[in-house]
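Student: Please find one structure pasted underneath; my questions will follow.
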Amino acid sequence: MEEKIKSIFAEHFPYKTPEMYASAGRINLIGEHTDYNGGFVFPGAIDKVIMAAIVPNGLSQVRVYSVDIQEYAEFGLNEEDLPSQSWARYIFGVCREFQKRGAAVGGFDAVFAGDVPLGAGLSSSAALESCFAFAVNDLFNDNKVDKFELAKIGQSTEHNYCGVNCGIMDQFASIFGKKDNLIRLDCRSLEYAYFPFHPQGYKLVLLDSKVKHELVDSPYNKRRASCERVAKRLGVETLRDADIDMINSVKGDITAEDYFRAKFVVEEKDRVLAVCDALEKGDYETVGKKMYETHAGLSVDYEVSCEELDYLNDIAKECGVTGSRIMGGGFGGCTINLVKDSLYESFIKFAKEKFNAKYGHEPRVIDVVISDGARRLS
Ligand code: ADP
Ligand code: MG
C-alpha cells in the first residue's frame with residue numbers, strides 16, 4: 001500500500017517527496033455498553049490502517065486525493081469551506097479542530113488509502129481522523145499537542161462535521177494503540193493501562209454477518225435510560241459505582257427489564273477486570289470464557305443481539321472455539337473470535353457453510369493482529 005500511495009502522490013503532486021503516516025482501525029476485546037455507564041472498555045489497534053502521503057504546500061488550501069474512492073477534494077481552512085465529499089469532511093474537521101484549539105495548521109497536499117473495512121465496526125473513520133491528526137501535529141506543531149487531545153480532535157470531528165455522536169474509545173485506540181497490547185480505558189476517569197496481548201497458538205478473527213437490523217424505536221437510548229434509572233434508584237452517579245448485591249437489593253423496586261440491563265452492566269465491568277488479570281498470567285482460556293459470558297449477557301440480559309449473531313456464536317461454541325462474542329453495539333455487525341490455530345481452518349469453513357445455508361450469504365472473514373496505532377512511517 002505504501003508504494004502505491006507514494007506513486008499516486010508523485011503523479012498528482014510531482015514536486016516534492018511526502019512524509020508517510022498511518023493509523024489503525026481497532027477491535028474491542030471486551031467491555032460493551034460500559035462506556036456510558038462509566039465503566040471500562042478494552043480496545044486495541046489492529047493491522048488494518050489508513051495510510052497517507054502528506055506534504056505542506058505553503059498555501060491555505062488542502063488538496064487531497066482518496067485512492068479508494070478515486071476522488072479529489074480541495075478546500076480552504078475556514079469554517080465556510082466545508083467540503084461536499086463526506087470522506088473529505090473527516091480531514092477538514094481534523095484541521096478545524098486543531099485551529100479551534102489554537103494549534104497551527106497550514107495547507108497541505110495528500111494522497112491516502114486504507115484497508116480498514118468500512119462500516120464493519122472496526123472504525124475506519126477513527127483511523128482516518130487519527131492518521132491526519134497525527135500528521136498535522138507532526139508537520140505543523142512539532143508534536144506539541146498531546147496524544148489524548150489528538151483523540152479528542154478526532155472525536156470532535158465526528159461530532160461537529162460528520163454527525164456522529166460517538167464516545168472517545170475508537171480514536172483513543174487508534175492513537176494510543178501498541179503492538180501486542182490492549183488498552184484498558186476507564187471511561188469515568190479516562191485513565192488507561194496497557195496489558196500484554198500476544199496469544200501464541202491462537203488467532204483473532206472477526207466474522208462479519210453483513211447484517212444491520214434497522215430498529216424502530218431507539219434501542220440505545222432505551223438501554224441508557226434503564227441504566228440511568230437504576231443508578232438514580234441506587235443514589236449513584238453511574239452503574240460504575242454499583243455492584244450486583246446493590247442491584248439485587250432494589251430488585252423489588254425496579255422493572256424486570258431494568259434489573260437485567262443493570263445486572264449486565266455491573267457484570268461486564270467485572271469481566272473486563274477479570275480479563276486483564278487473565279492476560280497478565282497469559283491465561284487465554286479464561287479470556288475466551290469471559291467473551292462467551294459477555295455474548296450471553298448481551299443476548300439474554302441486555303437484548304442487543306440478533307438471530308444471525310447468536311447463530312455465529314453457537315457455531316463457534318460447537319467448533320470448540322476458545323472465545324466468541326458480539327463486538328460493538330449489537331443488532332448486527334461482527335462477532336470477534338479467539339480461535340486456536342489448529343481449529344482455525346475448520347471453524348472458518350464450517351461457519352461459512354452453515355451461515356450461508358441458513359442466511360444465503362457467507363460472513364466476511366477479517367483476520368486481525370494487535371498492532372501499532374498512529375505513527376510516522378518515514
Ligand atoms: P466505520 O465504522 O468503519 O468507522 P463510518 O461510517 O463511521 O464507518 O466511517 C466510514 C467513512 O469513513 C466512509 O464513508 C468514508 O467517508 C471514510 N473512510 C473510511 N475509510 C476510508 C478510505 N479508505 N478512503 C476514503 N474514505 C474512507
Ligand atoms: Mg466510524
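So you can find residues: chains in the C-alpha cells are A, B, ... in the order shown, residues in each start at 1, and ligands are numbered from 1 in order.
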Could you give me, as a PyMOL selection string, the residues within 8 Å of Lys212 of chain A, counting only C-alpha atoms and dropping anything in the same chain fewer than 3 positions from it?

Tutor: chain A and resi 331-333

Student: Could the residues in this selection be written to a file with N, CA and C atoms, as a PDB file, in the first residue's frame?

Tutor:
```pdb
ATOM      1  N   PHE A 331     -27.199  -5.763  17.338  1.00  0.00           N
ATOM      2  CA  PHE A 331     -28.218  -5.765  16.273  1.00  0.00           C
ATOM      3  C   PHE A 331     -27.625  -5.975  14.880  1.00  0.00           C
ATOM      4  N   GLY A 332     -26.438  -6.558  14.827  1.00  0.00           N
ATOM      5  CA  GLY A 332     -25.800  -6.812  13.539  1.00  0.00           C
ATOM      6  C   GLY A 332     -24.312  -6.594  13.680  1.00  0.00           C
ATOM      7  N   GLY A 333     -23.624  -6.632  12.545  1.00  0.00           N
ATOM      8  CA  GLY A 333     -22.177  -6.433  12.571  1.00  0.00           C
ATOM      9  C   GLY A 333     -21.445  -7.745  12.808  1.00  0.00           C
TER      10      GLY A 333
END
```

Student: Which protein, DNA or RNA residues have an atom within 6 Å of ligand 2, counting only C-alpha atoms and all ligand atoms, as a PyMOL selection string?

Tutor: chain A and resi 123-126

Student: Given only C-alpha atoms, how would the per-residue table for segment 91-191 of chain A near segment 344-368 of chain A read, listing every residue at most 12 Å away with its closest atom pair and distance in Å to one decimal, sorted by chain and number, as CSV?

Tutor:
```
residue,atom,partner,partner_atom,distance
A:Asp115,CA,A:Ile366,CA,10.8
A:Val116,CA,A:Ile366,CA,9.8
A:Pro117,CA,A:Ile366,CA,8.7
A:Ala120,CA,A:Arg364,CA,9.6
A:Gly121,CA,A:Ile366,CA,11.2
A:Leu122,CA,A:Ile366,CA,10.0
A:Lys179,CA,A:Val368,CA,11.8
A:Asp180,CA,A:Val368,CA,11.5
```

Student: So which one's closest to Ala374 of chain A, A:Asn137, A:Ser342, A:Asn78, A:Ser66? Using only C-alpha atoms, please.

Tutor: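 Nearest candidate to Ala374 of chain A out of A:Asn137, A:Ser342, A:Asn78, A:Ser66: A:Asn137.
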
Student: Tell me which of A:Ser174, A:Ser86, A:Ser378, A:Ser60 sits closest to Met20 of chain A, counting only C-alpha atoms.

Tutor: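 Ranked by minimum distance to Met20 of chain A, first place goes to A:Ser378.
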
Student: From the list A:Leu312, A:Ala151, A:Val145, A:Ile30, which residue is nearest Cys334 of chain A when using only C-alpha atoms?

Tutor: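 Residue with the minimum atom-to-atom distance to Cys334 of chain A: A:Leu312.
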
Student: Return the single residue from A:Ser324, A:Asn221, A:Ser371, A:Asn181 that is closest to Tyr36 of chain A, with distances computed using only C-alpha atoms.

Tutor: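 For Tyr36 of chain A, the nearest of the candidates is A:Asn221.
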
Student: Which residues in segment 132-258 of chain A does DSSP call alpha helix (DSSP H)? List them as a ChimeraX atom specification.

Tutor: /A:132-140,147-161,169-176,219-234,244-249,256-258
